[in-house]
file structure_8.csv (CSV, N, CA and C atoms)
chain,number,residue,atom,x,y,z
G,1,MET,N,0.1,34.9,-56.6
G,1,MET,CA,-1.3,34.8,-56.9
G,1,MET,C,-2.1,35.0,-55.5
G,2,SER,N,-3.1,35.8,-55.6
G,2,SER,CA,-3.9,36.2,-54.4
G,2,SER,C,-4.9,35.1,-54.2
G,3,SER,N,-5.2,34.8,-52.9
G,3,SER,CA,-6.3,33.9,-52.6
G,3,SER,C,-7.6,34.6,-52.5
G,4,LEU,N,-8.7,33.8,-52.5
G,4,LEU,CA,-10.0,34.3,-52.5
G,4,LEU,C,-10.6,34.2,-51.1
G,5,HIS,N,-11.5,35.1,-50.9
G,5,HIS,CA,-12.4,35.1,-49.7
G,5,HIS,C,-13.8,35.0,-50.1
G,6,TYR,N,-14.6,34.2,-49.4
G,6,TYR,CA,-16.0,34.1,-49.6
G,6,TYR,C,-16.6,34.9,-48.5
G,7,ILE,N,-17.5,35.9,-48.8
G,7,ILE,CA,-18.1,36.7,-47.8
G,7,ILE,C,-19.6,36.5,-47.8
G,8,SER,N,-20.1,36.1,-46.7
G,8,SER,CA,-21.5,35.9,-46.6
G,8,SER,C,-22.1,36.9,-45.6
G,9,ILE,N,-23.3,37.4,-45.9
G,9,ILE,CA,-24.0,38.3,-45.1
G,9,ILE,C,-25.3,37.7,-44.7
G,10,ASP,N,-25.7,37.7,-43.5
G,10,ASP,CA,-27.0,37.2,-43.0
G,10,ASP,C,-27.5,38.1,-42.0
G,11,GLY,N,-28.7,38.7,-42.3
G,11,GLY,CA,-29.4,39.5,-41.3
G,11,GLY,C,-30.3,38.7,-40.5
G,12,ASP,N,-30.0,38.4,-39.3
G,12,ASP,CA,-30.8,37.6,-38.4
G,12,ASP,C,-32.0,38.3,-38.0
G,13,ASP,N,-33.1,37.6,-37.6
G,13,ASP,CA,-34.3,38.1,-37.1
G,13,ASP,C,-35.2,38.8,-38.1
G,14,ILE,N,-34.8,38.8,-39.4
G,14,ILE,CA,-35.7,39.4,-40.4
G,14,ILE,C,-37.0,38.7,-40.6
G,15,GLY,N,-36.9,37.3,-40.7
G,15,GLY,CA,-38.1,36.5,-40.9
G,15,GLY,C,-39.1,36.7,-39.7
G,16,SER,N,-38.5,36.6,-38.5
G,16,SER,CA,-39.4,36.7,-37.3
G,16,SER,C,-40.0,38.1,-37.2
G,17,TYR,N,-39.3,39.2,-37.6
G,17,TYR,CA,-39.9,40.5,-37.6
G,17,TYR,C,-41.0,40.6,-38.7
G,18,ILE,N,-40.8,40.1,-39.8
G,18,ILE,CA,-41.8,40.1,-40.9
G,18,ILE,C,-43.1,39.3,-40.4
G,19,GLU,N,-42.8,38.2,-39.8
G,19,GLU,CA,-43.9,37.4,-39.2
G,19,GLU,C,-44.7,38.2,-38.2
G,20,TYR,N,-44.0,38.9,-37.3
G,20,TYR,CA,-44.6,39.7,-36.3
G,20,TYR,C,-45.5,40.8,-36.9
G,21,LEU,N,-45.0,41.5,-37.9
G,21,LEU,CA,-45.8,42.5,-38.6
G,21,LEU,C,-47.0,41.9,-39.3
G,22,VAL,N,-46.9,40.7,-39.9
G,22,VAL,CA,-48.0,40.1,-40.6
G,22,VAL,C,-49.0,39.7,-39.5
G,23,LEU,N,-48.6,39.1,-38.4
G,23,LEU,CA,-49.6,38.7,-37.4
G,23,LEU,C,-50.3,39.9,-36.7
G,24,LYS,N,-49.6,41.1,-36.8
G,24,LYS,CA,-50.3,42.3,-36.3
G,24,LYS,C,-51.2,42.9,-37.4
G,25,ASN,N,-51.2,42.3,-38.6
G,25,ASN,CA,-52.0,42.8,-39.7
G,25,ASN,C,-51.4,44.2,-40.2
G,26,ASP,N,-50.1,44.4,-40.0
G,26,ASP,CA,-49.5,45.6,-40.4
G,26,ASP,C,-48.9,45.6,-41.8
G,27,ILE,N,-49.7,45.4,-42.8
G,27,ILE,CA,-49.3,45.2,-44.1
G,27,ILE,C,-48.5,46.4,-44.7
G,28,LYS,N,-48.8,47.6,-44.3
G,28,LYS,CA,-48.0,48.8,-44.7
G,28,LYS,C,-46.6,48.7,-44.3
G,29,ASN,N,-46.4,48.3,-43.0
G,29,ASN,CA,-45.0,48.3,-42.5
G,29,ASN,C,-44.3,47.0,-43.0
G,30,VAL,N,-45.0,45.9,-43.4
G,30,VAL,CA,-44.3,44.8,-44.0
G,30,VAL,C,-43.7,45.2,-45.3
G,31,GLY,N,-44.5,45.9,-46.1
G,31,GLY,CA,-44.0,46.4,-47.4
G,31,GLY,C,-42.8,47.3,-47.3
G,32,GLU,N,-42.9,48.3,-46.3
G,32,GLU,CA,-41.8,49.2,-46.1
G,32,GLU,C,-40.6,48.5,-45.6
G,33,PHE,N,-40.7,47.6,-44.7
G,33,PHE,CA,-39.6,46.9,-44.2
G,33,PHE,C,-39.0,46.0,-45.3
G,34,SER,N,-39.8,45.3,-46.0
G,34,SER,CA,-39.3,44.5,-47.1
G,34,SER,C,-38.5,45.4,-48.1
G,35,LYS,N,-39.0,46.5,-48.4
G,35,LYS,CA,-38.3,47.4,-49.4
G,35,LYS,C,-36.9,47.9,-48.7
G,36,SER,N,-36.9,48.1,-47.4
G,36,SER,CA,-35.7,48.5,-46.8
G,36,SER,C,-34.6,47.4,-46.9
G,37,ILE,N,-35.0,46.2,-46.8
G,37,ILE,CA,-34.1,45.0,-46.9
G,37,ILE,C,-33.6,45.0,-48.4
G,38,VAL,N,-34.5,45.1,-49.3
G,38,VAL,CA,-34.0,45.0,-50.8
G,38,VAL,C,-33.1,46.2,-51.0
G,39,ASP,N,-33.4,47.4,-50.6
G,39,ASP,CA,-32.5,48.5,-50.8
G,39,ASP,C,-31.2,48.4,-50.2
G,40,ALA,N,-31.2,47.9,-48.9
G,40,ALA,CA,-29.9,47.7,-48.2
G,40,ALA,C,-29.0,46.6,-48.9
G,41,MET,N,-29.6,45.5,-49.3
G,41,MET,CA,-28.8,44.5,-50.0
G,41,MET,C,-28.3,45.0,-51.3
G,42,GLN,N,-29.1,45.8,-52.0
G,42,GLN,CA,-28.7,46.3,-53.3
G,42,GLN,C,-27.5,47.3,-53.1
G,43,TRP,N,-27.6,48.2,-52.1
G,43,TRP,CA,-26.5,49.1,-51.8
G,43,TRP,C,-25.3,48.3,-51.4
G,44,PHE,N,-25.4,47.3,-50.6
G,44,PHE,CA,-24.3,46.5,-50.2
G,44,PHE,C,-23.6,45.8,-51.4
G,45,THR,N,-24.4,45.2,-52.2
G,45,THR,CA,-23.9,44.6,-53.4
G,45,THR,C,-23.2,45.5,-54.3
G,46,ASN,N,-23.7,46.7,-54.5
G,46,ASN,CA,-23.0,47.7,-55.3
G,46,ASN,C,-21.7,48.1,-54.7
G,47,GLN,N,-21.6,48.2,-53.4
G,47,GLN,CA,-20.4,48.5,-52.7
G,47,GLN,C,-19.4,47.4,-52.9
G,48,MET,N,-19.8,46.2,-52.7
G,48,MET,CA,-18.9,45.0,-52.9
G,48,MET,C,-18.4,45.0,-54.3
G,49,GLN,N,-19.2,45.2,-55.3
G,49,GLN,CA,-18.7,45.1,-56.7
G,49,GLN,C,-17.9,46.3,-57.0
G,50,ASN,N,-18.3,47.5,-56.7
G,50,ASN,CA,-17.5,48.7,-57.1
G,50,ASN,C,-16.3,49.0,-56.3
G,51,LYS,N,-16.3,48.7,-55.0
G,51,LYS,CA,-15.1,49.0,-54.1
G,51,LYS,C,-14.2,47.8,-54.0
G,52,LEU,N,-14.7,46.6,-54.1
G,52,LEU,CA,-13.8,45.4,-53.9
G,52,LEU,C,-13.7,44.5,-55.1
G,53,GLY,N,-14.5,44.8,-56.2
G,53,GLY,CA,-14.4,44.0,-57.3
G,53,GLY,C,-15.0,42.6,-57.1
G,54,ALA,N,-16.0,42.6,-56.2
G,54,ALA,CA,-16.6,41.3,-55.8
G,54,ALA,C,-17.4,40.7,-56.9
G,55,THR,N,-17.5,39.4,-56.9
G,55,THR,CA,-18.4,38.6,-57.7
G,55,THR,C,-19.5,38.1,-56.8
G,56,VAL,N,-20.7,38.3,-57.3
G,56,VAL,CA,-21.9,37.8,-56.5
G,56,VAL,C,-22.1,36.3,-56.8
G,57,VAL,N,-22.2,35.6,-55.7
G,57,VAL,CA,-22.5,34.2,-55.7
G,57,VAL,C,-24.0,34.0,-55.7
G,58,PHE,N,-24.6,34.7,-54.7
G,58,PHE,CA,-26.1,34.7,-54.6
G,58,PHE,C,-26.6,35.9,-53.8
G,59,LEU,N,-27.8,36.3,-54.1
G,59,LEU,CA,-28.6,37.3,-53.3
G,59,LEU,C,-29.9,36.7,-53.1
G,60,GLY,N,-30.4,36.8,-51.8
G,60,GLY,CA,-31.7,36.3,-51.5
G,60,GLY,C,-32.2,36.9,-50.2
G,61,GLY,N,-33.2,37.7,-50.2
G,61,GLY,CA,-33.7,38.3,-49.0
G,61,GLY,C,-32.7,39.1,-48.2
G,62,ASP,N,-32.4,38.6,-47.0
G,62,ASP,CA,-31.4,39.3,-46.2
G,62,ASP,C,-30.1,38.5,-46.2
G,63,ASN,N,-29.9,37.6,-47.2
G,63,ASN,CA,-28.7,36.8,-47.3
G,63,ASN,C,-28.0,37.1,-48.6
G,64,SER,N,-26.7,37.0,-48.6
G,64,SER,CA,-25.9,37.2,-49.8
G,64,SER,C,-24.6,36.6,-49.6
G,65,MET,N,-23.9,36.3,-50.7
G,65,MET,CA,-22.5,35.8,-50.7
G,65,MET,C,-21.8,36.3,-51.9
G,66,TYR,N,-20.5,36.6,-51.6
G,66,TYR,CA,-19.6,37.3,-52.6
G,66,TYR,C,-18.3,36.6,-52.6
G,67,ILE,N,-17.6,36.7,-53.7
G,67,ILE,CA,-16.2,36.3,-53.7
G,67,ILE,C,-15.3,37.5,-54.0
G,68,VAL,N,-14.3,37.7,-53.2
G,68,VAL,CA,-13.3,38.8,-53.4
G,68,VAL,C,-11.9,38.3,-53.2
G,69,GLU,N,-11.0,39.0,-53.9
G,69,GLU,CA,-9.6,38.8,-53.7
G,69,GLU,C,-9.2,39.1,-52.3
G,70,GLU,N,-8.4,38.3,-51.6
G,70,GLU,CA,-8.0,38.5,-50.3
G,70,GLU,C,-7.3,39.9,-50.1
G,71,SER,N,-6.6,40.3,-51.1
G,71,SER,CA,-5.8,41.6,-51.0
G,71,SER,C,-6.8,42.8,-51.0
G,72,ALA,N,-8.0,42.6,-51.5
G,72,ALA,CA,-9.0,43.7,-51.6
G,72,ALA,C,-9.9,43.8,-50.3
G,73,PHE,N,-9.7,42.9,-49.4
G,73,PHE,CA,-10.7,42.7,-48.4
G,73,PHE,C,-10.2,43.2,-47.0
G,74,SER,N,-11.0,43.9,-46.3
G,74,SER,CA,-10.7,44.3,-44.9
G,74,SER,C,-12.0,44.1,-44.1
G,75,TYR,N,-12.0,43.1,-43.3
G,75,TYR,CA,-13.2,42.8,-42.5
G,75,TYR,C,-13.7,43.9,-41.6
G,76,ASP,N,-12.8,44.6,-40.9
G,76,ASP,CA,-13.1,45.7,-40.1
G,76,ASP,C,-13.8,46.8,-40.8
G,77,THR,N,-13.2,47.2,-42.0
G,77,THR,CA,-13.7,48.3,-42.8
G,77,THR,C,-15.0,47.9,-43.3
G,78,LEU,N,-15.2,46.7,-43.8
G,78,LEU,CA,-16.5,46.3,-44.4
G,78,LEU,C,-17.6,46.3,-43.3
G,79,TYR,N,-17.3,45.8,-42.1
G,79,TYR,CA,-18.3,45.8,-41.1
G,79,TYR,C,-18.7,47.2,-40.7
G,80,VAL,N,-17.8,48.0,-40.5
G,80,VAL,CA,-18.1,49.4,-40.0
G,80,VAL,C,-18.9,50.1,-41.1
G,81,LYS,N,-18.5,50.0,-42.4
G,81,LYS,CA,-19.2,50.6,-43.5
G,81,LYS,C,-20.7,50.1,-43.6
G,82,LEU,N,-20.8,48.8,-43.5
G,82,LEU,CA,-22.2,48.2,-43.6
G,82,LEU,C,-23.0,48.7,-42.4
G,83,LYS,N,-22.6,48.6,-41.2
G,83,LYS,CA,-23.4,49.0,-40.1
G,83,LYS,C,-23.7,50.5,-40.1
G,84,SER,N,-22.8,51.3,-40.6
G,84,SER,CA,-23.1,52.8,-40.6
G,84,SER,C,-23.9,53.2,-41.8
G,85,ASN,N,-24.1,52.5,-42.8
G,85,ASN,CA,-24.8,52.9,-44.0
G,85,ASN,C,-26.1,52.2,-44.3
G,86,VAL,N,-26.4,51.1,-43.5
G,86,VAL,CA,-27.6,50.4,-43.7
G,86,VAL,C,-28.5,50.5,-42.5
G,87,SER,N,-29.7,51.0,-42.8
G,87,SER,CA,-30.7,51.3,-41.7
G,87,SER,C,-31.7,50.2,-41.6
G,88,ILE,N,-31.3,49.0,-41.4
G,88,ILE,CA,-32.2,47.9,-41.2
G,88,ILE,C,-32.2,47.6,-39.6
G,89,PRO,N,-33.4,47.5,-39.1
G,89,PRO,CA,-33.5,47.3,-37.6
G,89,PRO,C,-33.2,45.8,-37.3
G,90,LEU,N,-31.9,45.5,-37.4
G,90,LEU,CA,-31.5,44.1,-37.1
G,90,LEU,C,-31.0,44.0,-35.6
G,91,LYS,N,-31.3,42.9,-35.0
G,91,LYS,CA,-30.8,42.7,-33.7
G,91,LYS,C,-29.3,42.2,-33.9
G,92,ARG,N,-29.1,41.5,-35.0
G,92,ARG,CA,-27.7,41.0,-35.2
G,92,ARG,C,-27.5,40.9,-36.7
G,93,LEU,N,-26.3,41.2,-37.1
G,93,LEU,CA,-25.9,41.1,-38.5
G,93,LEU,C,-24.7,40.2,-38.5
G,94,ASN,N,-24.7,39.1,-39.2
G,94,ASN,CA,-23.6,38.2,-39.3
G,94,ASN,C,-22.8,38.5,-40.6
G,95,ILE,N,-21.5,38.7,-40.5
G,95,ILE,CA,-20.7,38.8,-41.7
G,95,ILE,C,-19.6,37.8,-41.5
G,96,ASN,N,-19.5,36.8,-42.4
G,96,ASN,CA,-18.4,35.8,-42.4
G,96,ASN,C,-17.5,36.0,-43.6
G,97,ALA,N,-16.2,36.0,-43.4
G,97,ALA,CA,-15.3,36.0,-44.5
G,97,ALA,C,-14.3,34.9,-44.3
G,98,LYS,N,-14.4,33.9,-45.2
G,98,LYS,CA,-13.5,32.7,-45.0
G,98,LYS,C,-12.9,32.3,-46.4
G,99,ALA,N,-11.9,31.5,-46.3
G,99,ALA,CA,-11.3,31.1,-47.6
G,99,ALA,C,-12.0,29.9,-48.2
G,100,CYS,N,-12.9,29.3,-47.4
G,100,CYS,CA,-13.7,28.1,-47.8
G,100,CYS,C,-15.1,28.5,-47.9
G,101,VAL,N,-15.8,28.2,-49.0
G,101,VAL,CA,-17.2,28.6,-49.1
G,101,VAL,C,-18.1,28.0,-48.1
G,102,GLN,N,-17.9,26.7,-47.7
G,102,GLN,CA,-18.7,26.1,-46.7
G,102,GLN,C,-18.6,26.8,-45.3
G,103,ASP,N,-17.4,27.2,-45.0
G,103,ASP,CA,-17.2,27.9,-43.7
G,103,ASP,C,-17.8,29.3,-43.7
G,104,ALA,N,-17.8,30.0,-44.8
G,104,ALA,CA,-18.4,31.3,-44.9
G,104,ALA,C,-19.9,31.2,-44.8
G,105,PHE,N,-20.5,30.1,-45.2
G,105,PHE,CA,-22.0,30.0,-45.2
G,105,PHE,C,-22.5,29.6,-43.8
G,106,GLU,N,-21.7,29.3,-42.9
G,106,GLU,CA,-22.2,28.9,-41.5
G,106,GLU,C,-22.9,30.0,-40.9

call {"tool": "encode", "arguments": {"input": "structure_8.csv", "output": "structure tokens"}}
result
Amino acid sequence: MSSLHYISIDGDDIGSYIEYLVLKNDIKNVGEFSKSIVDAMQWFTNQMQNKLGATVVFLGGDNSMYIVEESAFSYDTLYVKLKSNVSIPLKRLNINAKACVQDAFE
């Protein structure tokens, strides 16, 4: 029997960037940036489901969590794929893959 991994994705600095745009009264770019986050998370969710058979635990803004079979998961491949296919101007993107849901959420 294969064990499970809980994978969490967290795009840091998203909220502060949106706040920055709002404070600049740059409503057009707030909307475009928000759409880029939604599109990127949808792309990533599709990849997780179609390539790894992942189950979605939750999706919200720049955060998401999935469950995958350990045998289907490769952290290095996942990270490289995500960074090369998602054009979100993030300073940092956190990806945690742990056997325990609490550890993955950190």

call {"tool": "select_by_dssp", "arguments": {"input": "structure_8.csv", "residues": "segment 47-76 of chain G", "states": "strand (DSSP E)", "output": "list in words"}}
result
Thr55, Val56, Val57, Phe58, Leu59, Gly60, Asn63, Ser64, Met65, Tyr66, Ile67, Val68 and Glu69 of chain G

call {"tool": "atom_distance", "arguments": {"input": "structure_8.csv", "atom1": "atom N of Ser64 of chain G", "atom2": "atom C of Ile14 of chain G"}}
result
13.2 Å

call {"tool": "atom_distance", "arguments": {"input": "structure_8.csv", "atom1": "atom CA of Tyr17 of chain G", "atom2": "atom CA of Ala40 of chain G"}}
result
16.3 Å

call {"tool": "atom_distance", "arguments": {"input": "structure_8.csv", "atom1": "atom C of Ile95 of chain G", "atom2": "atom C of Ser8 of chain G"}}
result
4.9 Å

call {"tool": "residues_around", "arguments": {"input": "structure_8.csv", "residues": "Glu106 of chain G", "least_positions_apart": "3", "cutoff": "8 Å", "atoms": "all atoms listed in the file", "output": "ChimeraX atom specification"}}
result
/G:8,96,101-103

call {"tool": "closest_residue", "arguments": {"input": "structure_8.csv", "among": "G:Lys28, G:Leu52, G:Leu4, G:Ala104", "to": "Met65 of chain G", "atoms": "only N, CA and C atoms"}}
result
G:Ala104

call {"tool": "closest_residue", "arguments": {"input": "structure_8.csv", "among": "G:Ile18, G:Val68, G:Cys100, G:Gly11", "to": "Phe33 of chain G", "atoms": "only N, CA and C atoms"}}
result
G:Ile18

call {"tool": "residues_near_point", "arguments": {"input": "structure_8.csv", "point": "(-29.0, 41.0, -44.5)", "cutoff": "7 Å", "atoms": "only C-alpha atoms", "output": "list in words"}}
result
Ile9, Asp10, Gly11, Ile37, Met41, Asp62, Asn63 and Leu93 of chain G

call {"tool": "write_last_selection", "arguments": {"input": "structure_8.csv", "atoms": "N, CA and C atoms", "output": "PDB file, in the coordinates of the input"}}
result
ATOM      1  N   ILE G   9     -23.300  37.400 -45.900  1.00  0.00           N
ATOM      2  CA  ILE G   9     -24.000  38.300 -45.100  1.00  0.00           C
ATOM      3  C   ILE G   9     -25.300  37.700 -44.700  1.00  0.00           C
ATOM      4  N   ASP G  10     -25.700  37.700 -43.500  1.00  0.00           N
ATOM      5  CA  ASP G  10     -27.000  37.200 -43.000  1.00  0.00           C
ATOM      6  C   ASP G  10     -27.500  38.100 -42.000  1.00  0.00           C
ATOM      7  N   GLY G  11     -28.700  38.700 -42.300  1.00  0.00           N
ATOM      8  CA  GLY G  11     -29.400  39.500 -41.300  1.00  0.00           C
ATOM      9  C   GLY G  11     -30.300  38.700 -40.500  1.00  0.00           C
ATOM     10  N   ILE G  37     -35.000  46.200 -46.800  1.00  0.00           N
ATOM     11  CA  ILE G  37     -34.100  45.000 -46.900  1.00  0.00           C
ATOM     12  C   ILE G  37     -33.600  45.000 -48.400  1.00  0.00           C
ATOM     13  N   MET G  41     -29.600  45.500 -49.300  1.00  0.00           N
ATOM     14  CA  MET G  41     -28.800  44.500 -50.000  1.00  0.00           C
ATOM     15  C   MET G  41     -28.300  45.000 -51.300  1.00  0.00           C
ATOM     16  N   ASP G  62     -32.400  38.600 -47.000  1.00  0.00           N
ATOM     17  CA  ASP G  62     -31.400  39.300 -46.200  1.00  0.00           C
ATOM     18  C   ASP G  62     -30.100  38.500 -46.200  1.00  0.00           C
ATOM     19  N   ASN G  63     -29.900  37.600 -47.200  1.00  0.00           N
ATOM     20  CA  ASN G  63     -28.700  36.800 -47.300  1.00  0.00           C
ATOM     21  C   ASN G  63     -28.000  37.100 -48.600  1.00  0.00           C
ATOM     22  N   LEU G  93     -26.300  41.200 -37.100  1.00  0.00           N
ATOM     23  CA  LEU G  93     -25.900  41.100 -38.500  1.00  0.00           C
ATOM     24  C   LEU G  93     -24.700  40.200 -38.500  1.00  0.00           C
TER      25      LEU G  93
END
